[in-house]
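S.K.: Once you've had a glance at the structure underneath, I'll fire off some questions.
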Amino acid sequence: MFMLSSVIVHSKKAFDPTFYMFIFLILSFILGVLTGLFFSDKAILFNNSKYVKIRNNEIEIRKIEFFGVLTLKRMPFLRAPLRKLRNIISILAALIGTGGAGIGMGIAEMLKRSDVLAPDMSVHAMLFFSVGIPLLFVLGILIYSTMTYLFEWRKLVASIDKEYGEHVIIYNSKKKSYKKIKEIMAESGSNANG
């Protein structure tokens, strides 16, 4: 049995900081989805793809690429800064390691003791808010990309089924030649229908 329970947080005043943090988290997620929409290009998913080859009713998959929809074609000047930023982020992640939560708790506690945060404000809520903004933004981008990838696969398989009446999916992770795959299928007794 699946049970749902609601979480209700009582507020004594109309301008509750916890409510505003929740609204900013939701807006960060929506902004991530819209950014994923802006930086996606469905045309590059299967056309000229080196990971997916389509031959009549056969689809050969060499690599599953959920984020293959994302591209910087609309803003190519971002390539170099993002490449440099990737290196900086990986260095920071290596330096901080698993102590990131401890550092965040320390910062939140320091803000509370210096009266920047209200005394009744939860340190954990502030920590989750500060970590949640960038994580939900990136999660929105990745969810949009993944859902677009899966919907495009569904449309591709439906169009092949409509045209040929059936489809065959060949997963070729070892990148063997198409001739070799056909030989293996013939030896194992597999027919073209699966």
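Going by the structure tokens order, chains are called A, B, ..., each with residues numbered from 1, while ligands are numbered from 1 in the order shown.
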With range 52-58 of chain A as the partner and 12 Å as the cut-off, tabulate the residues of range 112-157 of chain A that qualify, each row holding the nearest pair of atoms and their distance in Å to one decimal, using only C-alpha atoms, sorted by chain and rising number, as JSON lines.
M.R.:
{"residue": "A:Trp153", "atom": "CA", "partner": "A:Val52", "partner_atom": "CA", "distance": 10.8}
{"residue": "A:Leu156", "atom": "CA", "partner": "A:Ile54", "partner_atom": "CA", "distance": 9.8}
{"residue": "A:Val157", "atom": "CA", "partner": "A:Asn57", "partner_atom": "CA", "distance": 9.0}
S.K.: Name all residues at most 12 Å from Arg62 in chain A (count only C-alpha atoms; drop same-chain ones fewer than 2 positions away) and give them as a list in words.
M.R.: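 Here the qualifying residues turn out to be Ser49, Lys50, Tyr51, Val52, Lys53, Ile54, Ile59, Glu60, Ile64, Glu65, Ile169, Ile170, Tyr171, Asn172, Ser173, Lys174, Lys175, Lys176, Ser177 and Tyr178 of chain A.
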S.K.: What are the DSSP helix (DSSP H, G or I) residues of range 109-167 of chain A, as a ChimeraX atom specification?
M.R.: /A:109-113,123-164
S.K.: Could those selected residues go to a file with N, CA and C atoms, as a compact mmCIF listing (two decimals), in the first residue's frame?
M.R.:
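The result, stored in again-v8.txt:
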# COMPACT_ATOMS: atom_id res chain seq x y z
N GLU A 109 25.95 28.28 10.46
CA GLU A 109 25.98 28.56 11.90
C GLU A 109 26.61 29.92 12.17
N MET A 110 27.66 30.26 11.41
CA MET A 110 28.30 31.56 11.56
C MET A 110 27.33 32.68 11.19
N LEU A 111 26.57 32.51 10.11
CA LEU A 111 25.59 33.52 9.72
C LEU A 111 24.50 33.67 10.78
N LYS A 112 24.13 32.58 11.42
CA LYS A 112 23.09 32.64 12.45
C LYS A 112 23.61 33.37 13.69
N ARG A 113 24.84 33.10 14.08
CA ARG A 113 25.39 33.74 15.29
C ARG A 113 25.73 35.21 15.06
N VAL A 123 19.34 26.16 10.76
CA VAL A 123 20.63 26.09 10.07
C VAL A 123 20.56 25.06 8.96
N HIS A 124 19.86 23.95 9.21
CA HIS A 124 19.73 22.91 8.19
C HIS A 124 18.93 23.41 6.98
N ALA A 125 17.88 24.20 7.23
CA ALA A 125 17.09 24.74 6.12
C ALA A 125 17.95 25.66 5.27
N MET A 126 18.78 26.47 5.91
CA MET A 126 19.66 27.37 5.17
C MET A 126 20.69 26.58 4.37
N LEU A 127 21.23 25.51 4.96
CA LEU A 127 22.21 24.68 4.26
C LEU A 127 21.57 24.01 3.05
N PHE A 128 20.38 23.43 3.24
CA PHE A 128 19.72 22.76 2.12
C PHE A 128 19.33 23.76 1.04
N PHE A 129 18.97 24.98 1.44
CA PHE A 129 18.64 26.01 0.45
C PHE A 129 19.87 26.38 -0.36
N SER A 130 21.00 26.62 0.31
CA SER A 130 22.21 27.06 -0.41
C SER A 130 22.76 25.96 -1.30
N VAL A 131 22.61 24.71 -0.90
CA VAL A 131 23.07 23.60 -1.73
C VAL A 131 22.02 23.28 -2.81
N GLY A 132 20.75 23.48 -2.48
CA GLY A 132 19.67 23.10 -3.38
C GLY A 132 19.53 23.98 -4.60
N ILE A 133 19.88 25.25 -4.51
CA ILE A 133 19.73 26.15 -5.66
C ILE A 133 20.55 25.66 -6.86
N PRO A 134 21.87 25.46 -6.74
CA PRO A 134 22.60 24.99 -7.93
C PRO A 134 22.26 23.56 -8.31
N LEU A 135 21.99 22.70 -7.31
CA LEU A 135 21.67 21.31 -7.63
C LEU A 135 20.36 21.19 -8.38
N LEU A 136 19.35 21.93 -7.97
CA LEU A 136 18.06 21.86 -8.67
C LEU A 136 18.15 22.48 -10.06
N PHE A 137 18.98 23.50 -10.24
CA PHE A 137 19.18 24.08 -11.56
C PHE A 137 19.77 23.04 -12.51
N VAL A 138 20.83 22.37 -12.07
CA VAL A 138 21.48 21.34 -12.90
C VAL A 138 20.54 20.16 -13.10
N LEU A 139 19.80 19.78 -12.06
CA LEU A 139 18.85 18.68 -12.18
C LEU A 139 17.78 19.00 -13.21
N GLY A 140 17.32 20.25 -13.27
CA GLY A 140 16.34 20.64 -14.27
C GLY A 140 16.88 20.48 -15.68
N ILE A 141 18.15 20.87 -15.90
CA ILE A 141 18.77 20.71 -17.22
C ILE A 141 18.87 19.23 -17.58
N LEU A 142 19.33 18.42 -16.64
CA LEU A 142 19.53 16.99 -16.92
C LEU A 142 18.20 16.25 -17.11
N ILE A 143 17.19 16.60 -16.35
CA ILE A 143 15.88 15.95 -16.51
C ILE A 143 15.30 16.31 -17.87
N TYR A 144 15.40 17.58 -18.28
CA TYR A 144 14.89 17.96 -19.59
C TYR A 144 15.61 17.19 -20.69
N SER A 145 16.93 17.10 -20.59
CA SER A 145 17.71 16.40 -21.61
C SER A 145 17.35 14.92 -21.67
N THR A 146 17.23 14.29 -20.52
CA THR A 146 16.90 12.86 -20.47
C THR A 146 15.49 12.60 -21.01
N MET A 147 14.53 13.41 -20.62
CA MET A 147 13.16 13.20 -21.09
C MET A 147 13.07 13.44 -22.60
N THR A 148 13.79 14.44 -23.11
CA THR A 148 13.80 14.68 -24.55
C THR A 148 14.40 13.50 -25.28
N TYR A 149 15.50 12.95 -24.75
CA TYR A 149 16.14 11.78 -25.36
C TYR A 149 15.18 10.60 -25.42
N LEU A 150 14.49 10.33 -24.32
CA LEU A 150 13.56 9.20 -24.29
C LEU A 150 12.35 9.42 -25.21
N PHE A 151 11.82 10.63 -25.27
CA PHE A 151 10.70 10.91 -26.16
C PHE A 151 11.11 10.81 -27.62
N GLU A 152 12.32 11.25 -27.94
CA GLU A 152 12.79 11.14 -29.33
C GLU A 152 12.99 9.67 -29.72
N TRP A 153 13.46 8.85 -28.78
CA TRP A 153 13.58 7.40 -29.05
C TRP A 153 12.21 6.80 -29.31
N ARG A 154 11.25 7.20 -28.52
CA ARG A 154 9.89 6.67 -28.69
C ARG A 154 9.34 7.04 -30.06
N LYS A 155 9.56 8.29 -30.49
CA LYS A 155 9.10 8.71 -31.81
C LYS A 155 9.84 7.97 -32.92
N LEU A 156 11.15 7.73 -32.75
CA LEU A 156 11.92 7.02 -33.76
C LEU A 156 11.42 5.59 -33.92
N VAL A 157 11.24 4.88 -32.82
CA VAL A 157 10.77 3.49 -32.88
C VAL A 157 9.36 3.42 -33.46
N ALA A 158 8.50 4.37 -33.09
CA ALA A 158 7.13 4.39 -33.63
C ALA A 158 7.14 4.63 -35.14
N SER A 159 8.03 5.52 -35.61
CA SER A 159 8.07 5.79 -37.06
C SER A 159 8.62 4.59 -37.82
N ILE A 160 9.60 3.87 -37.25
CA ILE A 160 10.12 2.67 -37.92
C ILE A 160 9.07 1.57 -37.92
N ASP A 161 8.36 1.41 -36.80
CA ASP A 161 7.27 0.42 -36.75
C ASP A 161 6.18 0.74 -37.76
N LYS A 162 5.87 2.01 -37.92
CA LYS A 162 4.83 2.41 -38.87
C LYS A 162 5.27 2.15 -40.31
N GLU A 163 6.56 2.39 -40.59
CA GLU A 163 7.04 2.23 -41.96
C GLU A 163 7.31 0.77 -42.33
N TYR A 164 7.92 0.00 -41.41
CA TYR A 164 8.33 -1.37 -41.73
C TYR A 164 7.48 -2.44 -41.03
S.K.: For the atom pair CA of Asp41 in chain A and CA of Val69 in chain A, what is the interatomic distance in Å to one decimal place?
M.R.: 5.4 Å
S.K.: Report as a ChimeraX atom specification: the residues of range 33-194 of chain A with a DSSP assignment of strand (DSSP E or B), based on the backbone of this structure.
M.R.: /A:40,52-55,58-61,70,168-171
S.K.: With C-alpha atoms kept, could you save the residues just selected as an mmCIF file, in the first residue's frame?
M.R.:
data_model
loop_
_atom_site.group_PDB
_atom_site.id
_atom_site.type_symbol
_atom_site.label_atom_id
_atom_site.label_comp_id
_atom_site.auth_asym_id
_atom_site.auth_seq_id
_atom_site.Cartn_x
_atom_site.Cartn_y
_atom_site.Cartn_z
ATOM 1 C CA SER A 40 19.058 21.566 -26.692
ATOM 2 C CA VAL A 52 23.243 5.410 -33.360
ATOM 3 C CA LYS A 53 23.046 3.929 -36.863
ATOM 4 C CA ILE A 54 19.672 3.383 -38.528
ATOM 5 C CA ARG A 55 19.439 0.863 -41.388
ATOM 6 C CA GLU A 58 17.394 -1.972 -37.637
ATOM 7 C CA ILE A 59 18.678 0.453 -35.031
ATOM 8 C CA GLU A 60 22.283 -0.122 -33.992
ATOM 9 C CA ILE A 61 23.189 1.495 -30.668
ATOM 10 C CA LEU A 70 22.543 19.416 -25.122
ATOM 11 C CA VAL A 168 15.169 -4.525 -34.411
ATOM 12 C CA ILE A 169 17.460 -2.929 -31.844
ATOM 13 C CA ILE A 170 21.088 -4.078 -31.825
ATOM 14 C CA TYR A 171 23.198 -3.005 -28.852
#
S.K.: To one decimal place, how far is CA of Leu82 in chain A from CA of Phe39 in chain A in Å?
M.R.: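 One can read the CA of Leu82 in chain A to CA of Phe39 in chain A distance as 13.8 Å.
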S.K.: Between CA of Ile44 in chain A and CA of Lys84 in chain A, what distance in Å does the model show, to one decimal?
M.R.: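 Between these atoms lies a distance of 25.2 Å.
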